[in-house]
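A.B. asks: Contents of data.cif (mmCIF, N, CA, C and O atoms) are below:
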```
data_start
loop_
_atom_site.label_atom_id
_atom_site.label_comp_id
_atom_site.auth_asym_id
_atom_site.auth_seq_id
_atom_site.Cartn_x
_atom_site.Cartn_y
_atom_site.Cartn_z
N ALA X 1 95.91 101.37 92.27
CA ALA X 1 96.46 100.19 92.91
C ALA X 1 97.57 100.59 93.90
O ALA X 1 97.66 100.03 94.98
N TYR X 2 98.40 101.55 93.51
CA TYR X 2 99.52 101.97 94.35
C TYR X 2 99.01 102.49 95.69
O TYR X 2 99.44 102.03 96.75
N GLU X 3 98.10 103.44 95.63
CA GLU X 3 97.59 104.05 96.87
C GLU X 3 96.82 103.03 97.71
O GLU X 3 96.94 102.99 98.93
N LEU X 4 96.07 102.18 97.05
CA LEU X 4 95.30 101.16 97.75
C LEU X 4 96.20 100.21 98.53
O LEU X 4 95.92 99.87 99.68
N LEU X 5 97.31 99.81 97.91
CA LEU X 5 98.20 98.82 98.53
C LEU X 5 99.27 99.41 99.45
O LEU X 5 99.80 98.71 100.31
N THR X 6 99.60 100.69 99.26
CA THR X 6 100.66 101.28 100.09
C THR X 6 100.13 102.28 101.12
O THR X 6 100.83 102.62 102.06
N GLY X 7 98.92 102.76 100.89
CA GLY X 7 98.35 103.76 101.79
C GLY X 7 98.86 105.16 101.53
O GLY X 7 98.60 106.08 102.30
N THR X 8 99.57 105.34 100.43
CA THR X 8 100.10 106.66 100.07
C THR X 8 100.00 106.86 98.56
O THR X 8 100.00 105.89 97.80
N ARG X 9 99.93 108.09 98.15
CA ARG X 9 99.88 108.38 96.71
C ARG X 9 101.26 108.20 96.09
O ARG X 9 102.27 108.47 96.72
N ALA X 10 101.27 107.78 94.84
CA ALA X 10 102.54 107.61 94.13
C ALA X 10 103.23 108.95 93.96
O ALA X 10 104.45 109.05 94.03
N PHE X 11 102.44 110.00 93.76
CA PHE X 11 102.97 111.35 93.59
C PHE X 11 102.05 112.31 94.32
O PHE X 11 100.83 112.23 94.21
N ASP X 12 102.63 113.21 95.08
CA ASP X 12 101.85 114.17 95.84
C ASP X 12 102.45 115.55 95.64
O ASP X 12 103.62 115.68 95.28
N GLY X 13 101.68 116.58 95.87
CA GLY X 13 102.17 117.94 95.73
C GLY X 13 101.15 118.94 96.18
O GLY X 13 100.01 118.60 96.50
N GLU X 14 101.56 120.19 96.19
CA GLU X 14 100.69 121.29 96.62
C GLU X 14 99.67 121.68 95.55
O GLU X 14 98.63 122.24 95.87
N SER X 15 99.98 121.41 94.30
CA SER X 15 99.08 121.78 93.21
C SER X 15 99.06 120.69 92.15
O SER X 15 99.95 119.83 92.12
N ILE X 16 98.08 120.73 91.30
CA ILE X 16 97.98 119.77 90.21
C ILE X 16 99.19 119.88 89.28
O ILE X 16 99.69 118.89 88.77
N ASN X 17 99.68 121.10 89.09
CA ASN X 17 100.86 121.29 88.24
C ASN X 17 102.10 120.65 88.85
O ASN X 17 102.89 120.02 88.14
N GLU X 18 102.28 120.79 90.16
CA GLU X 18 103.42 120.18 90.83
C GLU X 18 103.34 118.65 90.72
O GLU X 18 104.34 117.98 90.47
N ILE X 19 102.14 118.12 90.89
CA ILE X 19 101.96 116.67 90.77
C ILE X 19 102.26 116.21 89.35
O ILE X 19 102.94 115.20 89.14
N ALA X 20 101.77 116.96 88.36
CA ALA X 20 102.01 116.60 86.96
C ALA X 20 103.50 116.57 86.63
O ALA X 20 103.98 115.68 85.93
N VAL X 21 104.25 117.55 87.14
CA VAL X 21 105.70 117.58 86.92
C VAL X 21 106.35 116.34 87.52
O VAL X 21 107.21 115.70 86.90
N LYS X 22 105.94 115.98 88.72
CA LYS X 22 106.50 114.79 89.37
C LYS X 22 106.17 113.52 88.59
O LYS X 22 107.02 112.64 88.44
N ILE X 23 104.95 113.43 88.11
CA ILE X 23 104.55 112.25 87.33
C ILE X 23 105.42 112.11 86.09
O ILE X 23 105.87 111.01 85.76
N ARG X 24 105.69 113.22 85.42
CA ARG X 24 106.50 113.19 84.20
C ARG X 24 107.98 112.94 84.46
O ARG X 24 108.67 112.35 83.64
N SER X 25 108.49 113.40 85.60
CA SER X 25 109.94 113.40 85.79
C SER X 25 110.47 112.41 86.83
O SER X 25 111.67 112.13 86.83
N LEU X 26 109.63 111.91 87.70
CA LEU X 26 110.10 111.03 88.78
C LEU X 26 109.49 109.64 88.67
O LEU X 26 108.38 109.49 88.16
N ASP X 27 110.19 108.67 89.20
CA ASP X 27 109.62 107.34 89.36
C ASP X 27 109.01 107.26 90.75
O ASP X 27 109.54 107.86 91.69
N PRO X 28 107.93 106.50 90.90
CA PRO X 28 107.35 106.36 92.24
C PRO X 28 108.29 105.56 93.14
O PRO X 28 109.10 104.76 92.68
N VAL X 29 108.18 105.78 94.42
CA VAL X 29 108.93 104.99 95.39
C VAL X 29 108.42 103.55 95.30
O VAL X 29 107.21 103.32 95.21
N ARG X 30 109.34 102.60 95.28
CA ARG X 30 108.94 101.19 95.21
C ARG X 30 108.06 100.87 96.41
O ARG X 30 108.38 101.22 97.55
N PRO X 31 106.93 100.20 96.19
CA PRO X 31 106.06 99.84 97.31
C PRO X 31 106.77 99.10 98.44
O PRO X 31 106.47 99.30 99.61
N SER X 32 107.76 98.28 98.10
CA SER X 32 108.48 97.53 99.13
C SER X 32 109.31 98.44 100.04
O SER X 32 109.68 98.03 101.14
N LYS X 33 109.56 99.66 99.61
CA LYS X 33 110.26 100.64 100.46
C LYS X 33 109.30 101.27 101.47
O LYS X 33 109.72 101.83 102.47
N LEU X 34 108.00 101.20 101.17
CA LEU X 34 106.99 101.83 102.02
C LEU X 34 106.28 100.84 102.94
O LEU X 34 105.84 101.22 104.02
N VAL X 35 106.15 99.60 102.47
CA VAL X 35 105.37 98.61 103.20
C VAL X 35 106.23 97.36 103.41
O VAL X 35 106.61 96.70 102.44
N PHE X 36 106.53 97.06 104.65
CA PHE X 36 107.34 95.89 104.97
C PHE X 36 106.65 94.63 104.44
O PHE X 36 105.45 94.45 104.62
N GLY X 37 107.41 93.79 103.77
CA GLY X 37 106.90 92.52 103.28
C GLY X 37 106.09 92.61 102.01
O GLY X 37 105.43 91.65 101.62
N PHE X 38 106.11 93.77 101.35
CA PHE X 38 105.34 93.92 100.12
C PHE X 38 105.81 92.87 99.11
O PHE X 38 106.99 92.81 98.79
N PRO X 39 104.91 92.04 98.59
CA PRO X 39 105.30 90.97 97.67
C PRO X 39 105.93 91.51 96.38
O PRO X 39 105.38 92.40 95.74
N LYS X 40 107.07 90.95 96.00
CA LYS X 40 107.80 91.41 94.81
C LYS X 40 106.98 91.27 93.53
O LYS X 40 107.04 92.13 92.66
N ARG X 41 106.24 90.17 93.41
CA ARG X 41 105.46 89.97 92.17
C ARG X 41 104.35 91.01 92.06
O ARG X 41 104.07 91.51 90.96
N ILE X 42 103.74 91.36 93.17
CA ILE X 42 102.70 92.40 93.15
C ILE X 42 103.35 93.75 92.88
O ILE X 42 102.80 94.59 92.16
N GLU X 43 104.53 93.97 93.43
CA GLU X 43 105.25 95.22 93.17
C GLU X 43 105.52 95.39 91.68
O GLU X 43 105.34 96.48 91.13
N ARG X 44 105.94 94.33 91.03
CA ARG X 44 106.19 94.41 89.58
C ARG X 44 104.92 94.81 88.82
O ARG X 44 104.97 95.61 87.88
N VAL X 45 103.78 94.26 89.24
CA VAL X 45 102.51 94.61 88.60
C VAL X 45 102.20 96.08 88.81
O VAL X 45 101.88 96.82 87.86
N VAL X 46 102.30 96.54 90.05
CA VAL X 46 101.98 97.94 90.38
C VAL X 46 102.90 98.89 89.61
O VAL X 46 102.43 99.88 89.02
N LEU X 47 104.18 98.60 89.58
CA LEU X 47 105.11 99.49 88.88
C LEU X 47 104.90 99.45 87.36
O LEU X 47 105.06 100.47 86.69
N ARG X 48 104.48 98.31 86.84
CA ARG X 48 104.18 98.25 85.41
C ARG X 48 102.95 99.10 85.09
O ARG X 48 102.89 99.76 84.05
N LEU X 49 101.98 99.11 86.00
CA LEU X 49 100.80 99.96 85.80
C LEU X 49 101.17 101.44 85.74
O LEU X 49 100.52 102.22 85.05
N LEU X 50 102.23 101.82 86.45
CA LEU X 50 102.64 103.23 86.54
C LEU X 50 103.77 103.59 85.57
O LEU X 50 104.26 104.72 85.60
N ASN X 51 104.17 102.64 84.73
CA ASN X 51 105.30 102.90 83.83
C ASN X 51 105.03 104.12 82.96
O ASN X 51 103.92 104.30 82.46
N LYS X 52 106.03 104.94 82.79
CA LYS X 52 105.89 106.16 81.98
C LYS X 52 105.73 105.86 80.49
O LYS X 52 105.12 106.63 79.76
N LEU X 53 106.27 104.75 80.05
CA LEU X 53 106.18 104.38 78.64
C LEU X 53 104.94 103.52 78.38
O LEU X 53 104.85 102.40 78.91
N PRO X 54 104.00 104.01 77.60
CA PRO X 54 102.76 103.26 77.35
C PRO X 54 103.02 101.83 76.86
O PRO X 54 102.31 100.90 77.25
N GLN X 55 104.04 101.64 76.04
CA GLN X 55 104.30 100.30 75.51
C GLN X 55 104.81 99.34 76.58
O GLN X 55 104.82 98.13 76.38
N GLU X 56 105.21 99.86 77.73
CA GLU X 56 105.68 99.03 78.84
C GLU X 56 104.56 98.69 79.83
O GLU X 56 104.73 97.86 80.71
N ARG X 57 103.41 99.37 79.70
CA ARG X 57 102.26 99.09 80.56
C ARG X 57 101.47 97.91 79.99
O ARG X 57 101.75 97.44 78.90
N TYR X 58 100.47 97.47 80.73
CA TYR X 58 99.60 96.42 80.22
C TYR X 58 98.84 96.95 79.01
O TYR X 58 98.38 98.09 79.01
N GLY X 59 98.69 96.10 78.01
CA GLY X 59 98.00 96.51 76.79
C GLY X 59 96.50 96.57 76.96
O GLY X 59 95.81 97.23 76.18
N SER X 60 95.99 95.88 77.97
CA SER X 60 94.55 95.86 78.21
C SER X 60 94.28 95.41 79.64
O SER X 60 95.16 94.87 80.32
N ALA X 61 93.06 95.62 80.06
CA ALA X 61 92.65 95.15 81.39
C ALA X 61 92.71 93.63 81.44
O ALA X 61 93.04 93.04 82.47
N PHE X 62 92.44 92.99 80.31
CA PHE X 62 92.49 91.53 80.27
C PHE X 62 93.92 91.03 80.48
O PHE X 62 94.14 90.03 81.17
N GLU X 63 94.89 91.71 79.91
CA GLU X 63 96.29 91.33 80.12
C GLU X 63 96.66 91.43 81.61
O GLU X 63 97.34 90.56 82.15
N LEU X 64 96.21 92.48 82.26
CA LEU X 64 96.42 92.63 83.70
C LEU X 64 95.73 91.49 84.45
O LEU X 64 96.31 90.87 85.35
N TYR X 65 94.51 91.20 84.09
CA TYR X 65 93.75 90.11 84.70
C TYR X 65 94.51 88.79 84.57
O TYR X 65 94.62 88.02 85.53
N GLU X 66 95.04 88.53 83.38
CA GLU X 66 95.78 87.28 83.16
C GLU X 66 97.00 87.19 84.08
O GLU X 66 97.27 86.14 84.66
N GLU X 67 97.72 88.29 84.22
CA GLU X 67 98.90 88.29 85.08
C GLU X 67 98.51 88.07 86.54
O GLU X 67 99.13 87.28 87.25
N LEU X 68 97.48 88.76 87.00
CA LEU X 68 97.04 88.59 88.38
C LEU X 68 96.53 87.17 88.63
O LEU X 68 96.80 86.58 89.68
N THR X 69 95.83 86.62 87.67
CA THR X 69 95.34 85.24 87.79
C THR X 69 96.51 84.27 87.89
O THR X 69 96.50 83.36 88.72
N GLU X 70 97.51 84.47 87.06
CA GLU X 70 98.71 83.62 87.09
C GLU X 70 99.38 83.69 88.47
O GLU X 70 99.78 82.68 89.03
N ILE X 71 99.48 84.89 89.00
CA ILE X 71 100.10 85.06 90.33
C ILE X 71 99.28 84.33 91.38
O ILE X 71 99.84 83.60 92.22
N LEU X 72 97.97 84.49 91.36
CA LEU X 72 97.12 83.89 92.38
C LEU X 72 97.02 82.38 92.26
O LEU X 72 96.77 81.69 93.25
N GLU X 73 97.23 81.84 91.06
CA GLU X 73 97.16 80.39 90.87
C GLU X 73 98.48 79.70 91.19
O GLU X 73 98.53 78.48 91.27
N ASP X 74 99.53 80.47 91.40
CA ASP X 74 100.83 79.91 91.75
C ASP X 74 100.74 79.33 93.16
O ASP X 74 100.36 80.03 94.10
N PRO X 75 101.10 78.05 93.33
CA PRO X 75 101.02 77.45 94.67
C PRO X 75 101.87 78.20 95.71
O PRO X 75 101.57 78.17 96.89
N LYS X 76 102.90 78.89 95.27
CA LYS X 76 103.75 79.65 96.19
C LYS X 76 103.13 80.98 96.57
O LYS X 76 103.70 81.73 97.35
N ALA X 77 101.96 81.29 96.01
CA ALA X 77 101.35 82.60 96.23
C ALA X 77 100.55 82.69 97.53
O ALA X 77 100.07 83.75 97.87
N PHE X 78 100.44 81.60 98.27
CA PHE X 78 99.61 81.63 99.47
C PHE X 78 100.03 82.74 100.42
O PHE X 78 99.21 83.49 100.94
N GLY X 79 101.33 82.90 100.64
CA GLY X 79 101.81 83.96 101.53
C GLY X 79 101.47 85.33 100.99
O GLY X 79 101.14 86.24 101.74
N MET X 80 101.52 85.47 99.67
CA MET X 80 101.20 86.74 99.04
C MET X 80 99.71 87.06 99.21
O MET X 80 99.33 88.18 99.53
N ILE X 81 98.88 86.05 99.03
CA ILE X 81 97.43 86.24 99.19
C ILE X 81 97.12 86.61 100.63
O ILE X 81 96.34 87.54 100.89
N ALA X 82 97.75 85.93 101.57
CA ALA X 82 97.54 86.24 102.98
C ALA X 82 97.98 87.67 103.28
O ALA X 82 97.32 88.39 104.03
N TRP X 83 99.10 88.09 102.68
CA TRP X 83 99.58 89.45 102.91
C TRP X 83 98.57 90.47 102.39
O TRP X 83 98.23 91.43 103.08
N VAL X 84 98.07 90.26 101.17
CA VAL X 84 97.11 91.22 100.60
C VAL X 84 95.85 91.25 101.46
O VAL X 84 95.36 92.33 101.79
N LYS X 85 95.36 90.10 101.87
CA LYS X 85 94.16 90.07 102.74
C LYS X 85 94.41 90.81 104.04
O LYS X 85 93.54 91.52 104.54
N SER X 86 95.61 90.67 104.59
CA SER X 86 95.91 91.34 105.87
C SER X 86 95.89 92.86 105.74
O SER X 86 95.64 93.56 106.73
N GLN X 87 96.13 93.36 104.55
CA GLN X 87 96.12 94.81 104.34
C GLN X 87 94.70 95.39 104.39
O GLN X 87 94.51 96.58 104.57
N PHE X 88 93.71 94.51 104.22
CA PHE X 88 92.32 94.98 104.16
C PHE X 88 91.48 94.44 105.29
O PHE X 88 90.27 94.61 105.31
N ALA X 89 92.09 93.79 106.24
CA ALA X 89 91.34 93.21 107.36
C ALA X 89 90.96 94.28 108.37
O ALA X 89 91.48 95.32 108.47
#
```
Could you rewrite the structure in this file as structure tokens?
C.D. replies:
Amino acid sequence: AYELLTGTRAFDGESINEIAVKIRSLDPVRPSKLVFGFPKRIERVVLRLLNKLPQERYGSAFELYEELTEILEDPKAFGMIAWVKSQFA
């Protein structure tokens, strides 16, 4: 989700070992720092997906689905939906 929405990898490196060290020790750059206008609610979802603590991530794909559905059903989400669509146009 991170790379799809930001156009960059959450962690990059010269080798798989370098990437693994970064994954274990660093937090990813907030998507809103990389992409102007990145919706905060979507950012929270993306960062939760990448949380280092398993208990802080979604417990299941259905839990993620429920959160995304709630976001999309929010009447205030129109701008967010338009933003996401614009990233793939």
A.B. asks: Could you tell me how far atom CA of X:Gln55 sits from atom CA of X:Ile23, in Å to one decimal place?
C.D. replies: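 Separation between atom CA of X:Ile23 and atom CA of X:Gln55: 16.8 Å.
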A.B. asks: Please enumerate the residues selected by the PyMOL selection byres ((chain X and resi 35-48) around 7) when evaluated against the supplied file, formatted as a list in words.
C.D. replies: Ala1, Tyr2, Leu5, Thr6, Arg30, Pro31, Ser32, Lys33, Leu34, Leu49, Leu50, Asn51, Lys52, Leu53, Pro54, Glu56, Arg57, Tyr58, Gly79, Met80 and Trp83 of chain X
A.B. asks: Would you pick out the contacts of X:Leu4 at 8 Å or less, using only N, CA, C and O atoms, so that residues sharing its chain but fewer than 6 positions from it are not included, and give the list as a list in words?
C.D. replies: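 Listing them by chain and then by number gives Ala10, Val84, Gln87 and Phe88 of chain X.
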A.B. asks: Using DSSP on the backbone coordinates, identify the residues of chain X assigned to alpha helix (DSSP H); present them as a ChimeraX atom specification.
C.D. replies: /X:2-6,16-25,31-34,40-49,61-73,78-87
A.B. asks: Report the distance between atom C of X:Glu67 and atom C of X:Val21 in Å, rounded to one decimal place.
C.D. replies: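 Pair atom C of X:Glu67 / atom C of X:Val21 returns 29.4 Å.
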A.B. asks: What's the separation between atom N of X:Arg9 and atom N of X:Pro28, in Å to one decimal place?
C.D. replies: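 Computed distance, atom N of X:Arg9 to atom N of X:Pro28, equals 10.9 Å.
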